Amino acid sequence: MDLYALFESFEQTLIGDGIRQSVWIFPAIEAVHLLALALLGGAVLMLDLRLLGMGLATQPPSAIERQTRPWLIGAVSVMIATGVPLFLSEALKLYDKEAFWVKMGTLIVVLVYTFAVHNPIARRDPTVGALSKTIAAISIVLWLVVATAGRWIGFS
Amino acid sequence: MDLARFAVWLGDTQGSIALHESLYMYTLIESIHVIGIALFVGTIAMVDLRLLGRAFTSTSVSEMTRRILPWTVAGFVIMVATGLLLFYAIPVRTYHSVWFRLKVVLFLIAAINIWFFHRRVQRNVEHWDRQQVPPRAARLAATISLVVWASVVVTGRMIAYNWADCDRPQPDWINWIAQCTSYGG
């Protein structure tokens, strides 16, 4: 089955169809998606600011990583749980949007990076320096790309 | 001063028209506004979670506010600057938006809550600075803050939808709140 046909079947799911039938369900899901973005931003920034030598400088990075992890995972889960139905409601429209593919590609990269590279390094309490600043900067830039591309989907 | 007429005047200025009709500028400002949410609401949420005893419990409340709130203020500046530009691009419709008006009321509630927190709650912070779960007044201020700012995000997002716009038939109460009789000056 080719990708376009797959997206066509996504669009025809019960959830996708149900959302399209209503004028307010899509905006409501979108609003929750946005609230989770705020929480995600807070959780990511707390750790990245620390790795940059700012924010809660008296706490070791590992402590901040431990404190923010549940909120990070919670926020990402809500974003995916709301993002999937939004996707199902307009899968074919998204298929043709470059911003959508940029967002999904970057999202996969940033999730792997965060949980396989960034947070494990933070847990080892790096001193503030080239390494800690680089991993924080990569994290911030990747999340910014995801957020901007996400916003761009609505306009392009 | 008549604000409805001011909105019409503003919408007829060259800058407003240019912004409204621009291909990328409006989208770019909107994107910065959204990213600003992550910085502004995100950092506020972290401070509020500390005040609720739900995160960073080994960090003192005063360290949290001293080290994190400056980022919140930076986020607020970004939100206001981009928000004013977004209003400037579409002034008449936004001024008469029920969602926008609700958002302004929520700002006032948030401002009162911030005043309450700084004047009443934070005044004796040294007595409970290191408590894992701060006293009730602090938790109340944190809860109000989370609810109000979340509502600001939601109402802000809803401004983009036109169900409650004055140029469509609306129930009396929406016409009344949005002052539709003075729509377009």
# chains A, B, ... in the order shown; residues from 1 in each chain; ligands from 1
>>> residues_around(residues="range 56-61 of chain A", least_positions_apart="2", cutoff="8 Å", atoms="only C-alpha atoms", output="PDB file with C-alpha atoms, in the first residue's frame")
ATOM      1  CA  MET A  46      14.246  24.035  33.372  1.00  0.00           C
ATOM      2  CA  LEU A  47      16.831  21.417  32.482  1.00  0.00           C
ATOM      3  CA  LEU A  49      18.744  26.478  31.365  1.00  0.00           C
ATOM      4  CA  ARG A  50      20.602  24.570  34.060  1.00  0.00           C
ATOM      5  CA  LEU A  51      22.865  22.919  31.465  1.00  0.00           C
ATOM      6  CA  GLY A  53      24.591  27.535  33.597  1.00  0.00           C
ATOM      7  CA  MET A  54      21.395  29.498  34.273  1.00  0.00           C
ATOM      8  CA  ALA A  63      18.108  16.396  40.214  1.00  0.00           C
ATOM      9  CA  ILE A  64      16.399  18.693  37.713  1.00  0.00           C
ATOM     10  CA  GLU A  65      16.258  15.904  35.157  1.00  0.00           C
ATOM     11  CA  ALA A 122      22.307  15.324  32.153  1.00  0.00           C
ATOM     12  CA  ARG A 123      21.891  12.488  34.659  1.00  0.00           C
ATOM     13  CA  ARG A 124      25.700  12.223  34.867  1.00  0.00           C
ATOM     14  CA  ASP A 125      25.881  15.786  36.189  1.00  0.00           C
ATOM     15  CA  PRO A 126      28.162  17.399  33.608  1.00  0.00           C
TER      16      PRO A 126
ATOM     17  CA  THR B  59      14.557  23.655  45.874  1.00  0.00           C
ATOM     18  CA  GLU B  63      15.349  30.266  44.762  1.00  0.00           C
ATOM     19  CA  MET B  64      12.661  29.120  42.350  1.00  0.00           C
ATOM     20  CA  ARG B  67      16.050  32.171  39.319  1.00  0.00           C
ATOM     21  CA  ILE B  68      13.024  31.321  37.174  1.00  0.00           C
TER      22      ILE B  68
END
>>> residues_around(residues="Leu35 in chain A", least_positions_apart="2", cutoff="10 Å", atoms="only C-alpha atoms", output="tab-separated table (two decimals) with N, CA and C atoms, in the first residue's frame")
chain	number	residue	atom	x	y	z
A	29	ILE	N	-9.46	20.23	20.95
A	29	ILE	CA	-8.28	19.35	21.01
A	29	ILE	C	-7.01	20.19	20.81
A	30	GLU	N	-7.11	21.13	19.87
A	30	GLU	CA	-5.99	22.03	19.58
A	30	GLU	C	-5.57	22.81	20.84
A	31	ALA	N	-6.57	23.27	21.60
A	31	ALA	CA	-6.29	24.04	22.81
A	31	ALA	C	-5.53	23.18	23.84
A	32	VAL	N	-5.96	21.92	23.98
A	32	VAL	CA	-5.26	21.03	24.92
A	32	VAL	C	-3.83	20.76	24.43
A	33	HIS	N	-3.70	20.61	23.12
A	33	HIS	CA	-2.38	20.41	22.48
A	33	HIS	C	-1.46	21.59	22.86
A	37	LEU	N	1.93	21.95	25.20
A	37	LEU	CA	3.13	22.60	24.68
A	37	LEU	C	3.75	23.51	25.75
A	38	ALA	N	2.90	24.24	26.46
A	38	ALA	CA	3.39	25.12	27.52
A	38	ALA	C	4.12	24.32	28.59
A	39	LEU	N	3.50	23.22	29.01
A	39	LEU	CA	4.09	22.38	30.04
A	39	LEU	C	5.40	21.77	29.56
A	40	LEU	N	5.39	21.29	28.32
A	40	LEU	CA	6.59	20.72	27.72
A	40	LEU	C	7.71	21.76	27.69
A	41	GLY	N	7.36	22.98	27.25
A	41	GLY	CA	8.35	24.05	27.19
A	41	GLY	C	8.96	24.31	28.56
A	75	ALA	N	3.69	15.66	29.35
A	75	ALA	CA	3.38	16.66	28.31
A	75	ALA	C	3.50	16.04	26.92
A	78	VAL	N	0.48	13.83	26.26
A	78	VAL	CA	-0.74	14.59	25.93
A	78	VAL	C	-0.63	15.17	24.52
A	79	MET	N	0.57	15.63	24.16
A	79	MET	CA	0.75	16.21	22.82
A	79	MET	C	0.50	15.16	21.73
B	37	ILE	N	4.56	31.21	24.52
B	37	ILE	CA	3.73	30.48	25.50
B	37	ILE	C	4.58	29.49	26.27
B	38	ALA	N	5.44	28.76	25.53
B	38	ALA	CA	6.27	27.74	26.16
B	38	ALA	C	7.19	28.37	27.21
B	41	VAL	N	4.22	30.68	29.92
B	41	VAL	CA	3.34	29.80	30.71
B	41	VAL	C	4.13	28.60	31.25
B	42	GLY	N	5.09	28.12	30.45
B	42	GLY	CA	5.89	26.96	30.88
B	42	GLY	C	6.66	27.24	32.17
B	149	TRP	N	-3.97	31.18	33.60
B	149	TRP	CA	-3.09	31.23	32.42
B	149	TRP	C	-3.47	30.17	31.39
B	150	ALA	N	-3.92	29.00	31.87
B	150	ALA	CA	-4.39	27.98	30.92
B	150	ALA	C	-5.60	28.52	30.16
B	151	SER	N	-6.49	29.22	30.88
B	151	SER	CA	-7.67	29.79	30.22
B	151	SER	C	-7.29	30.88	29.24
B	153	VAL	N	-4.56	30.89	27.46
B	153	VAL	CA	-4.07	30.17	26.26
B	153	VAL	C	-5.26	29.70	25.43
B	154	VAL	N	-6.26	29.11	26.10
B	154	VAL	CA	-7.42	28.55	25.38
B	154	VAL	C	-8.21	29.67	24.70
>>> select_by_dssp(residues="chain A", states="alpha helix (DSSP H)", output="number ranges by chain")
A: 3-11, 14-21, 25-51, 61-89, 91-95, 98-113, 119-123, 130-153
>>> write_last_selection(atoms="C-alpha atoms", output="CSV table (one decimal), in the first residue's frame")
chain,number,residue,atom,x,y,z
A,3,LEU,CA,1.7,6.2,1.6
A,4,TYR,CA,-1.1,8.3,0.0
A,5,ALA,CA,-3.6,5.5,0.2
A,6,LEU,CA,-2.6,5.0,3.8
A,7,PHE,CA,-3.3,8.6,4.6
A,8,GLU,CA,-6.6,8.3,2.8
A,9,SER,CA,-7.6,5.5,5.1
A,10,PHE,CA,-6.4,7.5,8.2
A,11,GLU,CA,-8.7,10.3,7.0
A,14,LEU,CA,-14.2,7.0,12.8
A,15,ILE,CA,-12.2,9.5,14.9
A,16,GLY,CA,-11.2,11.6,11.9
A,17,ASP,CA,-14.7,11.7,10.6
A,18,GLY,CA,-16.2,12.5,14.0
A,19,ILE,CA,-13.9,15.5,14.5
A,20,ARG,CA,-14.8,16.8,11.0
A,21,GLN,CA,-18.5,16.6,11.8
A,25,ILE,CA,-14.0,19.5,18.7
A,26,PHE,CA,-11.0,20.3,16.6
A,27,PRO,CA,-10.3,23.7,18.3
A,28,ALA,CA,-10.9,22.1,21.7
A,29,ILE,CA,-8.3,19.4,21.0
A,30,GLU,CA,-6.0,22.0,19.6
A,31,ALA,CA,-6.3,24.0,22.8
A,32,VAL,CA,-5.3,21.0,24.9
A,33,HIS,CA,-2.4,20.4,22.5
A,34,LEU,CA,-1.3,24.0,23.1
A,35,LEU,CA,-1.5,23.7,26.9
A,36,ALA,CA,0.7,20.6,26.8
A,37,LEU,CA,3.1,22.6,24.7
A,38,ALA,CA,3.4,25.1,27.5
A,39,LEU,CA,4.1,22.4,30.0
A,40,LEU,CA,6.6,20.7,27.7
A,41,GLY,CA,8.4,24.0,27.2
A,42,GLY,CA,8.6,24.6,30.9
A,43,ALA,CA,10.0,21.1,31.6
A,44,VAL,CA,12.5,21.3,28.8
A,45,LEU,CA,13.7,24.8,29.7
A,46,MET,CA,14.2,24.0,33.4
A,47,LEU,CA,16.8,21.4,32.5
A,48,ASP,CA,18.3,23.2,29.5
A,49,LEU,CA,18.7,26.5,31.4
A,50,ARG,CA,20.6,24.6,34.1
A,51,LEU,CA,22.9,22.9,31.5
A,61,PRO,CA,21.4,18.7,36.5
A,62,SER,CA,20.5,15.1,37.6
A,63,ALA,CA,18.1,16.4,40.2
A,64,ILE,CA,16.4,18.7,37.7
A,65,GLU,CA,16.3,15.9,35.2
A,66,ARG,CA,14.6,13.7,37.7
A,67,GLN,CA,12.1,16.4,38.8
A,68,THR,CA,11.1,17.4,35.3
A,69,ARG,CA,11.0,13.9,33.7
A,70,PRO,CA,7.4,13.0,34.8
A,71,TRP,CA,6.2,16.4,33.5
A,72,LEU,CA,8.1,16.0,30.3
A,73,ILE,CA,6.8,12.5,29.6
A,74,GLY,CA,3.3,13.7,30.7
A,75,ALA,CA,3.4,16.7,28.3
A,76,VAL,CA,4.7,14.6,25.4
A,77,SER,CA,2.0,12.0,26.0
A,78,VAL,CA,-0.7,14.6,25.9
A,79,MET,CA,0.7,16.2,22.8
A,80,ILE,CA,0.8,12.9,21.0
A,81,ALA,CA,-2.7,11.9,22.3
A,82,THR,CA,-4.1,15.2,21.0
A,83,GLY,CA,-1.9,15.4,17.9
A,84,VAL,CA,-3.0,12.0,16.6
A,85,PRO,CA,-6.8,12.8,16.4
A,86,LEU,CA,-5.9,16.2,14.9
A,87,PHE,CA,-3.9,14.4,12.3
A,88,LEU,CA,-6.7,11.8,11.6
A,89,SER,CA,-9.1,14.6,10.9
A,91,ALA,CA,-4.6,13.5,7.1
A,92,LEU,CA,-4.8,14.2,3.3
A,93,LYS,CA,-4.4,17.9,3.8
A,94,LEU,CA,-1.3,17.2,5.8
A,95,TYR,CA,0.1,14.8,3.3
A,98,GLU,CA,5.9,20.4,3.9
A,99,ALA,CA,5.6,21.8,7.4
A,100,PHE,CA,3.9,18.6,8.6
A,101,TRP,CA,6.8,16.4,7.4
A,102,VAL,CA,9.4,18.8,8.8
A,103,LYS,CA,7.6,18.7,12.1
A,104,MET,CA,7.3,14.8,12.2
A,105,GLY,CA,10.8,14.3,11.1
A,106,THR,CA,12.2,16.7,13.7
A,107,LEU,CA,9.9,15.3,16.4
A,108,ILE,CA,11.3,11.8,16.0
A,109,VAL,CA,14.8,13.2,16.1
A,110,VAL,CA,14.2,15.3,19.2
A,111,LEU,CA,12.5,12.4,21.1
A,112,VAL,CA,15.3,10.0,20.4
A,113,TYR,CA,17.8,12.7,21.2
A,119,ASN,CA,18.8,13.3,29.5
A,120,PRO,CA,21.3,10.4,30.0
A,121,ILE,CA,24.1,12.9,29.8
A,122,ALA,CA,22.3,15.3,32.2
A,123,ARG,CA,21.9,12.5,34.7
A,130,ALA,CA,31.1,23.1,26.1
A,131,LEU,CA,29.4,19.6,26.3
A,132,SER,CA,26.5,20.7,28.6
A,133,LYS,CA,25.9,23.8,26.6
A,134,THR,CA,26.0,22.0,23.3
A,135,ILE,CA,23.5,19.4,24.3
A,136,ALA,CA,21.2,22.1,25.8
A,137,ALA,CA,21.4,24.2,22.6
A,138,ILE,CA,20.6,21.2,20.4
A,139,SER,CA,17.6,20.4,22.5
A,140,ILE,CA,16.2,24.0,22.4
A,141,VAL,CA,16.8,24.4,18.7
A,142,LEU,CA,15.1,21.0,17.8
A,143,TRP,CA,12.1,21.8,20.0
A,144,LEU,CA,11.8,25.3,18.5
A,145,VAL,CA,11.8,23.7,15.0
A,146,VAL,CA,9.0,21.3,16.0
A,147,ALA,CA,6.9,24.1,17.5
A,148,THR,CA,7.4,26.5,14.6
A,149,ALA,CA,6.7,23.9,12.0
A,150,GLY,CA,3.6,22.9,14.0
A,151,ARG,CA,2.3,26.4,13.9
A,152,TRP,CA,3.2,26.7,10.2
A,153,ILE,CA,1.0,23.7,9.4
>>> residues_around(residues="range 97-109 of chain B", least_positions_apart="3", cutoff="8 Å", atoms="only C-alpha atoms", output="PyMOL selection string")
chain B and resi 93-94+112-113+148-149+151-152+155-156+158-159+164-166+174+177-178
>>> residues_around(residues="Gln131 in chain B", least_positions_apart="2", cutoff="12 Å", atoms="only C-alpha atoms", output="short mmCIF file (atom, residue, chain, number, x, y, z; two decimals) with N, CA and C atoms, in the first residue's frame")
data_model
loop_
_atom_site.label_atom_id
_atom_site.label_comp_id
_atom_site.auth_asym_id
_atom_site.auth_seq_id
_atom_site.Cartn_x
_atom_site.Cartn_y
_atom_site.Cartn_z
N ARG B 50 5.97 24.03 41.96
CA ARG B 50 6.77 24.08 43.19
C ARG B 50 5.93 24.55 44.36
N LEU B 51 5.11 25.59 44.12
CA LEU B 51 4.27 26.13 45.18
C LEU B 51 3.20 25.11 45.63
N LEU B 52 2.85 24.22 44.71
CA LEU B 52 1.87 23.18 45.04
C LEU B 52 2.54 21.96 45.68
N GLY B 53 3.87 21.96 45.72
CA GLY B 53 4.60 20.82 46.27
C GLY B 53 4.63 19.63 45.32
N ARG B 54 4.45 19.90 44.00
CA ARG B 54 4.40 18.81 43.02
C ARG B 54 5.71 18.63 42.24
N PHE B 56 10.21 19.99 42.13
CA PHE B 56 11.33 20.78 42.68
C PHE B 56 11.21 21.00 44.19
N THR B 57 10.73 19.98 44.91
CA THR B 57 10.48 20.16 46.34
C THR B 57 11.77 20.31 47.14
N SER B 58 12.92 19.92 46.54
CA SER B 58 14.18 20.11 47.27
C SER B 58 14.77 21.49 47.01
N THR B 59 14.12 22.28 46.15
CA THR B 59 14.56 23.66 45.87
C THR B 59 13.69 24.59 46.71
N SER B 60 14.32 25.64 47.31
CA SER B 60 13.51 26.57 48.10
C SER B 60 12.64 27.40 47.16
N VAL B 61 11.50 27.86 47.71
CA VAL B 61 10.57 28.65 46.90
C VAL B 61 11.23 29.94 46.44
N SER B 62 12.03 30.56 47.34
CA SER B 62 12.65 31.84 46.97
C SER B 62 13.69 31.65 45.85
N VAL B 125 7.62 34.51 53.27
CA VAL B 125 8.14 33.30 52.62
C VAL B 125 9.26 32.65 53.44
N GLU B 126 10.01 33.44 54.20
CA GLU B 126 11.12 32.85 54.96
C GLU B 126 10.67 31.78 55.96
N HIS B 127 9.39 31.86 56.38
CA HIS B 127 8.88 30.86 57.33
C HIS B 127 8.59 29.52 56.68
N TRP B 128 8.37 29.52 55.35
CA TRP B 128 7.99 28.25 54.70
C TRP B 128 8.78 28.01 53.42
N ASP B 129 9.89 28.74 53.28
CA ASP B 129 10.68 28.69 52.06
C ASP B 129 11.10 27.27 51.65
N VAL B 133 5.69 21.16 50.92
CA VAL B 133 4.37 21.63 50.49
C VAL B 133 4.08 22.95 51.20
N PRO B 134 4.13 24.07 50.47
CA PRO B 134 3.89 25.38 51.07
C PRO B 134 2.47 25.53 51.62
N PRO B 135 2.24 26.59 52.43
CA PRO B 135 0.92 26.78 53.05
C PRO B 135 -0.21 26.97 52.03
N ARG B 136 -1.42 26.91 52.58
CA ARG B 136 -2.62 26.93 51.73
C ARG B 136 -2.72 28.16 50.84
N ALA B 138 -0.42 29.94 49.52
CA ALA B 138 0.51 29.82 48.38
C ALA B 138 -0.02 28.84 47.36
#
